[in-house]
$ cat work.txt   # compact mmCIF, N, CA and C atoms and all ligand atoms
# COMPACT_ATOMS: atom_id res chain seq x y z
N MET A 237 -42.04 5.46 -16.85
CA MET A 237 -41.30 6.63 -17.33
C MET A 237 -39.90 6.23 -17.75
N GLU A 238 -39.44 6.80 -18.80
CA GLU A 238 -38.11 6.47 -19.29
C GLU A 238 -37.03 7.14 -18.45
N THR A 239 -35.95 6.43 -18.28
CA THR A 239 -34.80 7.03 -17.61
C THR A 239 -34.22 8.11 -18.51
N GLU A 240 -33.94 9.26 -17.94
CA GLU A 240 -33.29 10.32 -18.71
C GLU A 240 -32.32 11.02 -17.77
N LEU A 241 -31.06 10.76 -17.98
CA LEU A 241 -30.03 11.35 -17.15
C LEU A 241 -29.09 12.12 -18.04
N GLN A 242 -28.54 13.19 -17.48
CA GLN A 242 -27.54 13.94 -18.22
C GLN A 242 -26.31 14.14 -17.37
N GLY A 243 -25.21 14.32 -18.05
CA GLY A 243 -23.97 14.56 -17.33
C GLY A 243 -22.91 15.07 -18.28
N GLY A 244 -21.71 15.21 -17.75
CA GLY A 244 -20.62 15.69 -18.58
C GLY A 244 -19.35 15.80 -17.76
N CYS A 245 -18.34 16.32 -18.43
CA CYS A 245 -17.03 16.45 -17.78
C CYS A 245 -16.99 17.73 -16.94
N TYR A 246 -15.88 17.93 -16.28
CA TYR A 246 -15.72 19.07 -15.37
C TYR A 246 -15.80 20.41 -16.10
N CYS A 247 -15.25 20.49 -17.31
CA CYS A 247 -15.22 21.78 -18.01
C CYS A 247 -16.45 22.01 -18.89
N GLY A 248 -17.23 20.96 -19.13
CA GLY A 248 -18.44 21.11 -19.91
C GLY A 248 -18.29 20.86 -21.40
N ALA A 249 -17.06 20.59 -21.86
CA ALA A 249 -16.86 20.34 -23.29
C ALA A 249 -17.52 19.03 -23.72
N LEU A 250 -17.55 18.06 -22.81
CA LEU A 250 -18.19 16.77 -23.09
C LEU A 250 -19.51 16.73 -22.35
N ARG A 251 -20.57 16.41 -23.10
CA ARG A 251 -21.88 16.23 -22.47
C ARG A 251 -22.46 14.92 -22.98
N TYR A 252 -23.19 14.24 -22.10
CA TYR A 252 -23.82 12.98 -22.52
C TYR A 252 -25.24 12.86 -21.98
N ARG A 253 -25.95 11.91 -22.55
CA ARG A 253 -27.32 11.63 -22.13
C ARG A 253 -27.46 10.12 -21.95
N VAL A 254 -28.14 9.73 -20.89
CA VAL A 254 -28.42 8.31 -20.64
C VAL A 254 -29.93 8.13 -20.70
N THR A 255 -30.38 7.21 -21.55
CA THR A 255 -31.82 7.01 -21.71
C THR A 255 -32.24 5.58 -21.37
N ALA A 256 -31.34 4.81 -20.78
CA ALA A 256 -31.68 3.45 -20.36
C ALA A 256 -31.35 3.30 -18.88
N ALA A 257 -32.10 2.46 -18.21
CA ALA A 257 -31.86 2.26 -16.78
C ALA A 257 -30.53 1.56 -16.57
N PRO A 258 -29.78 1.98 -15.58
CA PRO A 258 -28.52 1.28 -15.27
C PRO A 258 -28.82 -0.15 -14.82
N VAL A 259 -27.91 -1.07 -15.14
CA VAL A 259 -28.14 -2.46 -14.76
C VAL A 259 -27.37 -2.83 -13.49
N LEU A 260 -26.43 -2.00 -13.07
CA LEU A 260 -25.70 -2.28 -11.83
C LEU A 260 -25.12 -0.98 -11.30
N LYS A 261 -25.16 -0.83 -9.98
CA LYS A 261 -24.51 0.29 -9.31
C LYS A 261 -23.54 -0.30 -8.30
N ALA A 262 -22.29 0.12 -8.34
CA ALA A 262 -21.29 -0.53 -7.49
C ALA A 262 -20.14 0.41 -7.20
N GLN A 263 -19.22 -0.08 -6.35
CA GLN A 263 -17.97 0.63 -6.11
C GLN A 263 -16.83 -0.33 -6.35
N CYS A 264 -15.77 0.17 -7.01
CA CYS A 264 -14.64 -0.67 -7.37
C CYS A 264 -13.40 -0.17 -6.63
N HIS A 265 -12.68 -1.13 -6.05
CA HIS A 265 -11.50 -0.79 -5.23
C HIS A 265 -10.18 -1.10 -5.93
N CYS A 266 -10.20 -1.41 -7.22
CA CYS A 266 -8.97 -1.84 -7.89
C CYS A 266 -7.97 -0.69 -7.99
N ARG A 267 -6.70 -1.02 -8.21
CA ARG A 267 -5.63 -0.01 -8.26
C ARG A 267 -5.85 0.99 -9.40
N ALA A 268 -6.34 0.50 -10.53
CA ALA A 268 -6.57 1.42 -11.65
C ALA A 268 -7.61 2.46 -11.26
N CYS A 269 -8.68 2.03 -10.61
CA CYS A 269 -9.71 2.98 -10.18
C CYS A 269 -9.16 3.95 -9.14
N GLN A 270 -8.23 3.47 -8.30
CA GLN A 270 -7.64 4.38 -7.30
C GLN A 270 -6.86 5.49 -7.99
N HIS A 271 -6.11 5.14 -9.05
CA HIS A 271 -5.39 6.17 -9.79
C HIS A 271 -6.36 7.22 -10.32
N ILE A 272 -7.48 6.77 -10.82
CA ILE A 272 -8.37 7.66 -11.53
C ILE A 272 -9.34 8.39 -10.60
N SER A 273 -9.69 7.76 -9.48
CA SER A 273 -10.64 8.40 -8.57
C SER A 273 -9.97 9.44 -7.69
N GLY A 274 -8.66 9.32 -7.50
CA GLY A 274 -7.98 10.18 -6.54
C GLY A 274 -7.54 9.40 -5.32
N GLY A 275 -7.84 8.12 -5.27
CA GLY A 275 -7.35 7.28 -4.17
C GLY A 275 -8.43 6.44 -3.53
N GLY A 276 -9.66 6.88 -3.62
CA GLY A 276 -10.76 6.13 -3.03
C GLY A 276 -11.29 5.11 -4.01
N PRO A 277 -12.35 4.39 -3.60
CA PRO A 277 -13.01 3.52 -4.57
C PRO A 277 -13.68 4.37 -5.65
N ASN A 278 -13.94 3.75 -6.78
CA ASN A 278 -14.60 4.40 -7.90
C ASN A 278 -16.07 3.99 -7.90
N TYR A 279 -16.97 4.95 -7.87
CA TYR A 279 -18.40 4.65 -7.92
C TYR A 279 -18.85 4.68 -9.37
N PHE A 280 -19.54 3.63 -9.77
CA PHE A 280 -19.93 3.56 -11.18
C PHE A 280 -21.28 2.88 -11.35
N MET A 281 -21.86 3.06 -12.54
CA MET A 281 -23.06 2.34 -12.96
C MET A 281 -22.76 1.70 -14.29
N LEU A 282 -23.32 0.52 -14.50
CA LEU A 282 -23.24 -0.08 -15.83
C LEU A 282 -24.47 0.34 -16.61
N VAL A 283 -24.25 0.93 -17.77
CA VAL A 283 -25.38 1.36 -18.60
C VAL A 283 -25.29 0.70 -19.97
N PRO A 284 -26.44 0.32 -20.54
CA PRO A 284 -26.44 -0.29 -21.86
C PRO A 284 -25.96 0.73 -22.90
N PRO A 285 -25.09 0.32 -23.81
CA PRO A 285 -24.54 1.27 -24.79
C PRO A 285 -25.61 1.91 -25.67
N GLU A 286 -26.71 1.17 -25.92
CA GLU A 286 -27.76 1.75 -26.77
C GLU A 286 -28.51 2.85 -26.04
N GLY A 287 -28.32 2.96 -24.74
CA GLY A 287 -28.98 4.00 -23.96
C GLY A 287 -28.04 5.10 -23.54
N PHE A 288 -26.91 5.21 -24.23
CA PHE A 288 -25.92 6.22 -23.88
C PHE A 288 -25.44 6.93 -25.13
N ALA A 289 -25.31 8.25 -25.08
CA ALA A 289 -24.76 8.98 -26.22
C ALA A 289 -24.08 10.25 -25.75
N PHE A 290 -22.93 10.55 -26.35
CA PHE A 290 -22.34 11.87 -26.17
C PHE A 290 -23.12 12.83 -27.05
N VAL A 291 -23.58 13.93 -26.47
CA VAL A 291 -24.38 14.90 -27.23
C VAL A 291 -23.60 16.18 -27.50
N GLU A 292 -22.48 16.37 -26.79
CA GLU A 292 -21.58 17.49 -27.09
C GLU A 292 -20.16 17.03 -26.91
N GLY A 293 -19.31 17.38 -27.85
CA GLY A 293 -17.90 17.03 -27.75
C GLY A 293 -17.62 15.59 -28.14
N GLU A 294 -16.36 15.34 -28.39
CA GLU A 294 -15.90 13.99 -28.73
C GLU A 294 -14.90 13.57 -27.67
N PRO A 295 -15.12 12.44 -27.02
CA PRO A 295 -14.15 12.03 -26.01
C PRO A 295 -12.84 11.58 -26.65
N ARG A 296 -11.75 11.77 -25.95
CA ARG A 296 -10.53 11.09 -26.32
C ARG A 296 -10.54 9.74 -25.66
N GLN A 297 -9.80 8.82 -26.24
CA GLN A 297 -9.77 7.47 -25.68
C GLN A 297 -8.35 7.07 -25.34
N PHE A 298 -8.23 6.26 -24.30
CA PHE A 298 -6.93 5.75 -23.90
C PHE A 298 -7.06 4.29 -23.52
N LYS A 299 -6.09 3.49 -23.97
CA LYS A 299 -6.05 2.08 -23.60
C LYS A 299 -4.60 1.69 -23.41
N ARG A 300 -4.28 1.07 -22.30
CA ARG A 300 -2.91 0.63 -22.08
C ARG A 300 -2.58 -0.52 -23.02
N SER A 301 -1.49 -0.36 -23.79
CA SER A 301 -1.14 -1.39 -24.77
C SER A 301 -0.37 -2.53 -24.12
N ASP A 302 0.06 -2.34 -22.87
CA ASP A 302 0.84 -3.40 -22.20
C ASP A 302 -0.05 -4.37 -21.42
N LEU A 303 -1.35 -4.15 -21.44
CA LEU A 303 -2.26 -5.06 -20.74
C LEU A 303 -3.01 -5.90 -21.77
N PRO A 304 -3.11 -7.21 -21.53
CA PRO A 304 -3.78 -8.07 -22.50
C PRO A 304 -5.27 -7.74 -22.65
N ASN A 305 -5.89 -7.33 -21.55
CA ASN A 305 -7.34 -7.07 -21.56
C ASN A 305 -7.65 -5.67 -21.05
N GLY A 306 -6.83 -4.72 -21.44
CA GLY A 306 -7.00 -3.36 -20.93
C GLY A 306 -8.34 -2.77 -21.33
N VAL A 307 -8.87 -1.92 -20.45
CA VAL A 307 -10.11 -1.23 -20.78
C VAL A 307 -9.78 0.00 -21.62
N THR A 308 -10.75 0.45 -22.40
CA THR A 308 -10.63 1.71 -23.12
C THR A 308 -11.34 2.78 -22.30
N ARG A 309 -10.64 3.88 -22.03
CA ARG A 309 -11.20 4.93 -21.19
C ARG A 309 -11.56 6.14 -22.05
N ASP A 310 -12.78 6.60 -21.93
CA ASP A 310 -13.23 7.82 -22.62
C ASP A 310 -13.08 8.99 -21.66
N PHE A 311 -12.36 10.03 -22.07
CA PHE A 311 -12.15 11.16 -21.19
C PHE A 311 -12.16 12.46 -21.98
N CYS A 312 -12.26 13.58 -21.27
CA CYS A 312 -12.28 14.88 -21.92
C CYS A 312 -10.85 15.31 -22.26
N ALA A 313 -10.64 15.66 -23.51
CA ALA A 313 -9.31 16.08 -23.95
C ALA A 313 -8.93 17.44 -23.37
N SER A 314 -9.90 18.23 -22.93
CA SER A 314 -9.60 19.56 -22.39
C SER A 314 -9.30 19.51 -20.90
N CYS A 315 -10.18 18.90 -20.12
CA CYS A 315 -10.01 18.95 -18.66
C CYS A 315 -9.57 17.62 -18.07
N GLY A 316 -9.59 16.55 -18.86
CA GLY A 316 -9.07 15.27 -18.39
C GLY A 316 -10.05 14.42 -17.62
N THR A 317 -11.27 14.90 -17.42
CA THR A 317 -12.23 14.10 -16.65
C THR A 317 -12.49 12.76 -17.34
N HIS A 318 -12.34 11.69 -16.57
CA HIS A 318 -12.63 10.35 -17.08
C HIS A 318 -14.12 10.10 -16.93
N VAL A 319 -14.81 9.85 -18.03
CA VAL A 319 -16.26 9.71 -18.01
C VAL A 319 -16.70 8.26 -17.94
N LEU A 320 -16.10 7.42 -18.76
CA LEU A 320 -16.53 6.02 -18.78
C LEU A 320 -15.41 5.11 -19.25
N SER A 321 -15.60 3.81 -18.98
CA SER A 321 -14.69 2.78 -19.48
C SER A 321 -15.47 1.78 -20.30
N ARG A 322 -14.76 1.22 -21.28
CA ARG A 322 -15.30 0.14 -22.09
C ARG A 322 -14.43 -1.08 -21.82
N ARG A 323 -15.03 -2.09 -21.18
CA ARG A 323 -14.27 -3.25 -20.73
C ARG A 323 -14.46 -4.40 -21.72
N PRO A 324 -13.37 -4.99 -22.23
CA PRO A 324 -13.51 -6.08 -23.19
C PRO A 324 -14.38 -7.20 -22.61
N GLY A 325 -15.34 -7.65 -23.37
CA GLY A 325 -16.19 -8.75 -22.94
C GLY A 325 -17.40 -8.31 -22.13
N LEU A 326 -17.44 -7.05 -21.72
CA LEU A 326 -18.59 -6.55 -20.97
C LEU A 326 -19.43 -5.69 -21.91
N PRO A 327 -20.70 -6.06 -22.14
CA PRO A 327 -21.50 -5.30 -23.11
C PRO A 327 -21.81 -3.88 -22.64
N GLN A 328 -21.94 -3.68 -21.32
CA GLN A 328 -22.34 -2.36 -20.85
C GLN A 328 -21.14 -1.41 -20.71
N LEU A 329 -21.45 -0.11 -20.67
CA LEU A 329 -20.45 0.91 -20.40
C LEU A 329 -20.33 1.12 -18.90
N VAL A 330 -19.13 1.38 -18.44
CA VAL A 330 -18.87 1.62 -17.02
C VAL A 330 -18.82 3.14 -16.82
N LEU A 331 -19.93 3.69 -16.37
CA LEU A 331 -20.06 5.15 -16.28
C LEU A 331 -19.74 5.63 -14.87
N LYS A 332 -18.84 6.62 -14.78
CA LYS A 332 -18.46 7.16 -13.47
C LYS A 332 -19.52 8.12 -12.98
N ILE A 333 -20.06 7.86 -11.80
CA ILE A 333 -21.26 8.61 -11.40
C ILE A 333 -20.96 10.06 -10.99
N GLY A 334 -19.71 10.38 -10.73
CA GLY A 334 -19.35 11.77 -10.42
C GLY A 334 -19.57 12.71 -11.59
N THR A 335 -19.72 12.15 -12.79
CA THR A 335 -19.93 12.99 -13.97
C THR A 335 -21.41 13.27 -14.23
N LEU A 336 -22.30 12.63 -13.45
CA LEU A 336 -23.73 12.92 -13.61
C LEU A 336 -24.03 14.33 -13.11
N ASP A 337 -24.97 15.00 -13.76
CA ASP A 337 -25.40 16.31 -13.25
C ASP A 337 -25.96 16.16 -11.85
N ASP A 338 -26.62 15.02 -11.60
CA ASP A 338 -27.17 14.74 -10.28
C ASP A 338 -26.62 13.41 -9.77
N PRO A 339 -25.45 13.45 -9.15
CA PRO A 339 -24.85 12.19 -8.67
C PRO A 339 -25.72 11.47 -7.64
N GLU A 340 -26.66 12.18 -7.02
CA GLU A 340 -27.54 11.54 -6.04
C GLU A 340 -28.42 10.46 -6.68
N PHE A 341 -28.56 10.51 -8.00
CA PHE A 341 -29.31 9.47 -8.68
C PHE A 341 -28.73 8.10 -8.34
N PHE A 342 -27.43 8.05 -8.13
CA PHE A 342 -26.74 6.79 -7.83
C PHE A 342 -27.39 6.09 -6.64
N GLY A 343 -27.63 6.84 -5.59
CA GLY A 343 -28.33 6.29 -4.43
C GLY A 343 -27.49 5.41 -3.53
N GLY A 344 -26.34 4.98 -4.01
CA GLY A 344 -25.47 4.10 -3.22
C GLY A 344 -25.15 2.83 -3.97
N PRO A 345 -24.02 2.22 -3.63
CA PRO A 345 -23.59 1.00 -4.34
C PRO A 345 -24.39 -0.22 -3.88
N LYS A 346 -24.51 -1.19 -4.79
CA LYS A 346 -25.16 -2.46 -4.45
C LYS A 346 -24.12 -3.55 -4.17
N MET A 347 -22.89 -3.29 -4.51
CA MET A 347 -21.81 -4.24 -4.20
C MET A 347 -20.47 -3.52 -4.30
N ALA A 348 -19.46 -4.14 -3.68
CA ALA A 348 -18.08 -3.65 -3.78
C ALA A 348 -17.27 -4.73 -4.49
N ILE A 349 -16.46 -4.32 -5.46
CA ILE A 349 -15.69 -5.30 -6.23
C ILE A 349 -14.19 -4.99 -6.17
N PHE A 350 -13.40 -5.99 -6.51
CA PHE A 350 -11.93 -5.92 -6.47
C PHE A 350 -11.41 -5.48 -5.10
N CYS A 351 -12.06 -6.02 -4.07
CA CYS A 351 -11.67 -5.66 -2.69
C CYS A 351 -10.29 -6.18 -2.33
N GLU A 352 -9.78 -7.17 -3.08
CA GLU A 352 -8.43 -7.67 -2.79
C GLU A 352 -7.38 -6.58 -3.06
N GLU A 353 -7.73 -5.55 -3.81
CA GLU A 353 -6.77 -4.48 -4.08
C GLU A 353 -7.07 -3.21 -3.29
N LYS A 354 -8.01 -3.29 -2.36
CA LYS A 354 -8.44 -2.08 -1.67
C LYS A 354 -7.36 -1.55 -0.73
N ALA A 355 -7.39 -0.26 -0.49
CA ALA A 355 -6.50 0.35 0.50
C ALA A 355 -7.11 0.16 1.88
N SER A 356 -6.24 0.19 2.91
CA SER A 356 -6.70 -0.09 4.27
C SER A 356 -7.71 0.95 4.76
N PHE A 357 -7.68 2.13 4.18
CA PHE A 357 -8.58 3.21 4.64
C PHE A 357 -9.87 3.29 3.84
N HIS A 358 -10.04 2.42 2.85
CA HIS A 358 -11.31 2.42 2.09
C HIS A 358 -12.44 1.92 2.97
N LEU A 359 -13.60 2.51 2.81
CA LEU A 359 -14.76 2.10 3.58
C LEU A 359 -15.73 1.32 2.70
N ILE A 360 -16.26 0.24 3.25
CA ILE A 360 -17.30 -0.53 2.59
C ILE A 360 -18.50 -0.52 3.53
N PRO A 361 -19.65 -0.03 3.06
CA PRO A 361 -20.81 0.05 3.96
C PRO A 361 -21.16 -1.31 4.56
N ASP A 362 -21.59 -1.30 5.82
CA ASP A 362 -22.02 -2.53 6.49
C ASP A 362 -23.07 -3.24 5.66
N GLY A 363 -22.89 -4.54 5.51
CA GLY A 363 -23.90 -5.35 4.84
C GLY A 363 -23.79 -5.34 3.33
N LEU A 364 -22.90 -4.54 2.77
CA LEU A 364 -22.78 -4.51 1.31
C LEU A 364 -22.02 -5.75 0.83
N PRO A 365 -22.57 -6.48 -0.13
CA PRO A 365 -21.82 -7.63 -0.67
C PRO A 365 -20.48 -7.16 -1.22
N ALA A 366 -19.41 -7.83 -0.80
CA ALA A 366 -18.05 -7.43 -1.20
C ALA A 366 -17.34 -8.63 -1.80
N PHE A 367 -16.71 -8.41 -2.93
CA PHE A 367 -16.06 -9.50 -3.66
C PHE A 367 -14.58 -9.21 -3.84
N ASP A 368 -13.76 -10.26 -3.77
CA ASP A 368 -12.31 -10.10 -3.99
C ASP A 368 -12.05 -9.51 -5.36
N ALA A 369 -12.77 -10.02 -6.36
CA ALA A 369 -12.61 -9.52 -7.73
C ALA A 369 -14.01 -9.22 -8.26
N LEU A 370 -14.44 -9.94 -9.29
CA LEU A 370 -15.80 -9.77 -9.80
C LEU A 370 -16.72 -10.82 -9.16
N PRO A 371 -18.02 -10.52 -9.03
CA PRO A 371 -18.94 -11.48 -8.39
C PRO A 371 -19.09 -12.76 -9.19
N GLU A 372 -19.01 -12.67 -10.48
CA GLU A 372 -19.11 -13.88 -11.30
C GLU A 372 -18.39 -13.60 -12.61
N GLN A 373 -18.11 -14.64 -13.34
CA GLN A 373 -17.49 -14.45 -14.64
C GLN A 373 -18.45 -13.69 -15.54
N ARG A 374 -18.00 -12.55 -16.04
CA ARG A 374 -18.84 -11.77 -16.97
C ARG A 374 -18.39 -12.06 -18.40
N ARG A 375 -19.34 -12.20 -19.25
CA ARG A 375 -18.99 -12.50 -20.64
C ARG A 375 -19.19 -11.27 -21.51
ZN ZN B 1 -13.83 18.73 -19.93
ZN ZN B 2 -11.68 -0.68 -10.67
$ encode --input "work.txt" --output "structure tokens"
Amino acid sequence: METELQGGCYCGALRYRVTAAPVLKAQCHCRACQHISGGGPNYFMLVPPEGFAFVEGEPRQFKRSDLPNGVTRDFCASCGTHVLSRRPGLPQLVLKIGTLDDPEFFGGPKMAIFCEEKASFHLIPDGLPAFDALPEQRR
């Protein structure tokens, strides 16, 4: 059966559909994710771009110009919900699982990344592989 997931922003102006299986489910503890998540780790899935489409609304995009390898963030221009990031050199989209209509699809992270930037109160489930930065060089 084909994967078919739907989601959108908080106000509903942005809607998307995912038709490809995610290739990774994880939690990220980096400072940028803390800004955007509200302070905790950011839960995300990597999805192939060919299996993702906005079906309602056009996202606004933001990229910090002061960072050499800044990510591009797609978010709702009306309510500000950050939906996904596009990371230079990474073919997949970084989709925030809180925007899924059914976040339970996530099922839980398979790894924790950028733990060197984590806050002391962040929780990492017992036995979850945890990496200071990324598990391996991604191209
Ligand atoms: Zn919105
Ligand atoms: Zn992060």
$ closest_atom_pairs --input "work.txt" --of "chain A" --to "ligand ZN 1 (chain B)" --cutoff "7 Å" --atoms "only C-alpha atoms and all ligand atoms" --output "Markdown table"
| residue | atom | partner | partner_atom | distance |
| --- | --- | --- | --- | --- |
| A:Cys245 | CA | B:ZN1 | ZN | 4.5 |
| A:Tyr246 | CA | B:ZN1 | ZN | 4.9 |
| A:Cys247 | CA | B:ZN1 | ZN | 3.9 |
| A:Gly248 | CA | B:ZN1 | ZN | 5.2 |
| A:Ala249 | CA | B:ZN1 | ZN | 4.8 |
| A:Leu250 | CA | B:ZN1 | ZN | 5.7 |
| A:Cys312 | CA | B:ZN1 | ZN | 4.6 |
| A:Ala313 | CA | B:ZN1 | ZN | 6.6 |
| A:Ser314 | CA | B:ZN1 | ZN | 5.0 |
| A:Cys315 | CA | B:ZN1 | ZN | 4.0 |
| A:Gly316 | CA | B:ZN1 | ZN | 6.1 |
| A:Thr317 | CA | B:ZN1 | ZN | 5.9 |
$ residues_near_ligand --input "work.txt" --ligand "ligand ZN 2 (chain B)" --cutoff "6 Å" --atoms "only N, CA and C atoms and all ligand atoms" --output "short mmCIF file (atom, residue, chain, number, x, y, z; two decimals) with N, CA and C atoms, in the coordinates of the input"
data_model
loop_
_atom_site.label_atom_id
_atom_site.label_comp_id
_atom_site.auth_asym_id
_atom_site.auth_seq_id
_atom_site.Cartn_x
_atom_site.Cartn_y
_atom_site.Cartn_z
N CYS A 264 -15.77 0.17 -7.01
CA CYS A 264 -14.64 -0.67 -7.37
C CYS A 264 -13.40 -0.17 -6.63
N HIS A 265 -12.68 -1.13 -6.05
CA HIS A 265 -11.50 -0.79 -5.23
C HIS A 265 -10.18 -1.10 -5.93
N CYS A 266 -10.20 -1.41 -7.22
CA CYS A 266 -8.97 -1.84 -7.89
C CYS A 266 -7.97 -0.69 -7.99
N ARG A 267 -6.70 -1.02 -8.21
CA ARG A 267 -5.63 -0.01 -8.26
C ARG A 267 -5.85 0.99 -9.40
N ALA A 268 -6.34 0.50 -10.53
CA ALA A 268 -6.57 1.42 -11.65
C ALA A 268 -7.61 2.46 -11.26
N CYS A 269 -8.68 2.03 -10.61
CA CYS A 269 -9.71 2.98 -10.18
C CYS A 269 -9.16 3.95 -9.14
N GLN A 270 -8.23 3.47 -8.30
CA GLN A 270 -7.64 4.38 -7.30
C GLN A 270 -6.86 5.49 -7.99
#
$ select_by_dssp --input "work.txt" --residues "chain A" --states "helix (DSSP H, G or I)" --output "list of chain:residue names"
A:Arg267, A:Ala268, A:Cys269, A:Gln270, A:His271, A:Ile272, A:Ser273, A:Pro285, A:Glu286, A:Gly287, A:Ile333, A:Gly334, A:Thr335, A:Pro339, A:Glu340, A:Phe341, A:Phe342, A:Cys351, A:Glu352, A:Glu353
$ write_last_selection --input "work.txt" --atoms "N, CA and C atoms" --output "mmCIF file, keeping the file's coordinate frame"
data_model
loop_
_atom_site.group_PDB
_atom_site.id
_atom_site.type_symbol
_atom_site.label_atom_id
_atom_site.label_comp_id
_atom_site.auth_asym_id
_atom_site.auth_seq_id
_atom_site.Cartn_x
_atom_site.Cartn_y
_atom_site.Cartn_z
ATOM 1 N N ARG A 267 -6.700 -1.020 -8.210
ATOM 2 C CA ARG A 267 -5.630 -0.010 -8.260
ATOM 3 C C ARG A 267 -5.850 0.990 -9.400
ATOM 4 N N ALA A 268 -6.340 0.500 -10.530
ATOM 5 C CA ALA A 268 -6.570 1.420 -11.650
ATOM 6 C C ALA A 268 -7.610 2.460 -11.260
ATOM 7 N N CYS A 269 -8.680 2.030 -10.610
ATOM 8 C CA CYS A 269 -9.710 2.980 -10.180
ATOM 9 C C CYS A 269 -9.160 3.950 -9.140
ATOM 10 N N GLN A 270 -8.230 3.470 -8.300
ATOM 11 C CA GLN A 270 -7.640 4.380 -7.300
ATOM 12 C C GLN A 270 -6.860 5.490 -7.990
ATOM 13 N N HIS A 271 -6.110 5.140 -9.050
ATOM 14 C CA HIS A 271 -5.390 6.170 -9.790
ATOM 15 C C HIS A 271 -6.360 7.220 -10.320
ATOM 16 N N ILE A 272 -7.480 6.770 -10.820
ATOM 17 C CA ILE A 272 -8.370 7.660 -11.530
ATOM 18 C C ILE A 272 -9.340 8.390 -10.600
ATOM 19 N N SER A 273 -9.690 7.760 -9.480
ATOM 20 C CA SER A 273 -10.640 8.400 -8.570
ATOM 21 C C SER A 273 -9.970 9.440 -7.690
ATOM 22 N N PRO A 285 -25.090 0.320 -23.810
ATOM 23 C CA PRO A 285 -24.540 1.270 -24.790
ATOM 24 C C PRO A 285 -25.610 1.910 -25.670
ATOM 25 N N GLU A 286 -26.710 1.170 -25.920
ATOM 26 C CA GLU A 286 -27.760 1.750 -26.770
ATOM 27 C C GLU A 286 -28.510 2.850 -26.040
ATOM 28 N N GLY A 287 -28.320 2.960 -24.740
ATOM 29 C CA GLY A 287 -28.980 4.000 -23.960
ATOM 30 C C GLY A 287 -28.040 5.100 -23.540
ATOM 31 N N ILE A 333 -20.060 7.860 -11.800
ATOM 32 C CA ILE A 333 -21.260 8.610 -11.400
ATOM 33 C C ILE A 333 -20.960 10.060 -10.990
ATOM 34 N N GLY A 334 -19.710 10.380 -10.730
ATOM 35 C CA GLY A 334 -19.350 11.770 -10.420
ATOM 36 C C GLY A 334 -19.570 12.710 -11.590
ATOM 37 N N THR A 335 -19.720 12.150 -12.790
ATOM 38 C CA THR A 335 -19.930 12.990 -13.970
ATOM 39 C C THR A 335 -21.410 13.270 -14.230
ATOM 40 N N PRO A 339 -25.450 13.450 -9.150
ATOM 41 C CA PRO A 339 -24.850 12.190 -8.670
ATOM 42 C C PRO A 339 -25.720 11.470 -7.640
ATOM 43 N N GLU A 340 -26.660 12.180 -7.020
ATOM 44 C CA GLU A 340 -27.540 11.540 -6.040
ATOM 45 C C GLU A 340 -28.420 10.460 -6.680
ATOM 46 N N PHE A 341 -28.560 10.510 -8.000
ATOM 47 C CA PHE A 341 -29.310 9.470 -8.680
ATOM 48 C C PHE A 341 -28.730 8.100 -8.340
ATOM 49 N N PHE A 342 -27.430 8.050 -8.130
ATOM 50 C CA PHE A 342 -26.740 6.790 -7.830
ATOM 51 C C PHE A 342 -27.390 6.090 -6.640
ATOM 52 N N CYS A 351 -12.060 -6.020 -4.070
ATOM 53 C CA CYS A 351 -11.670 -5.660 -2.690
ATOM 54 C C CYS A 351 -10.290 -6.180 -2.330
ATOM 55 N N GLU A 352 -9.780 -7.170 -3.080
ATOM 56 C CA GLU A 352 -8.430 -7.670 -2.790
ATOM 57 C C GLU A 352 -7.380 -6.580 -3.060
ATOM 58 N N GLU A 353 -7.730 -5.550 -3.810
ATOM 59 C CA GLU A 353 -6.770 -4.480 -4.080
ATOM 60 C C GLU A 353 -7.070 -3.210 -3.290
#
$ closest_residue --input "work.txt" --among "A:Val259, A:Leu329, A:Pro304, A:His318" --to "Glu286 in chain A" --atoms "all atoms listed in the file"
A:Leu329
$ atom_distance --input "work.txt" --atom1 "CA of Leu370 in chain A" --atom2 "CA of Ala256 in chain A"
23.2 Å
$ select_by_dssp --input "work.txt" --residues "range 266-310 of chain A" --states "strand (DSSP E)" --output "list of chain:residue names"
A:Asn278, A:Tyr279, A:Phe280, A:Met281, A:Leu282, A:Val283, A:Phe288, A:Ala289, A:Phe290, A:Val291, A:Glu292, A:Arg296, A:Gln297, A:Phe298, A:Lys299, A:Thr308, A:Arg309, A:Asp310
$ closest_residue --input "work.txt" --among "A:Ser273, A:Thr255, A:Gln242, A:Gln263" --to "Gly344 in chain A" --atoms "all atoms listed in the file"
A:Gln263
$ closest_residue --input "work.txt" --among "A:Pro277, A:Gly243, A:Pro371, A:Pro345" --to "Lys261 in chain A" --atoms "only C-alpha atoms"
A:Pro345
$ residues_near_point --input "work.txt" --point "(-27.3, 10.8, -7.0)" --cutoff "12 Å" --atoms "only C-alpha atoms" --output "list in words"
Leu241, Gln242, Gly243, Lys261, Tyr279, Phe280, Met281, Lys332, Ile333, Gly334, Thr335, Leu336, Asp337, Asp338, Pro339, Glu340, Phe341, Phe342, Gly343, Gly344 and Pro345 of chain A
$ atom_distance --input "work.txt" --atom1 "atom N of Phe367 in chain A" --atom2 "atom C of Lys346 in chain A"
8.9 Å
$ closest_residue --input "work.txt" --among "A:Tyr252, A:Glu353, A:Leu320, A:Leu364" --to "Gly293 in chain A" --atoms "only N, CA and C atoms"
A:Tyr252
$ residues_around --input "work.txt" --residues "Pro324 in chain A" --least-positions-apart "2" --cutoff "8 Å" --atoms "all atoms listed in the file" --output "PyMOL selection string"
chain A and resi 305-308+321-322+326-327+374-375
$ atom_distance --input "work.txt" --atom1 "CA of Phe298 in chain A" --atom2 "CA of Ile272 in chain A"
12.6 Å
$ residues_around --input "work.txt" --residues "Thr239 in chain A" --least-positions-apart "4" --cutoff "10 Å" --atoms "only C-alpha atoms" --output "JSON, numbers by chain"
{"A": [253, 254, 255, 256, 257, 258, 287]}
$ closest_residue --input "work.txt" --among "A:His271, A:Gln328, A:Arg251, A:Ile360" --to "Ala289 in chain A" --atoms "all atoms listed in the file"
A:Arg251
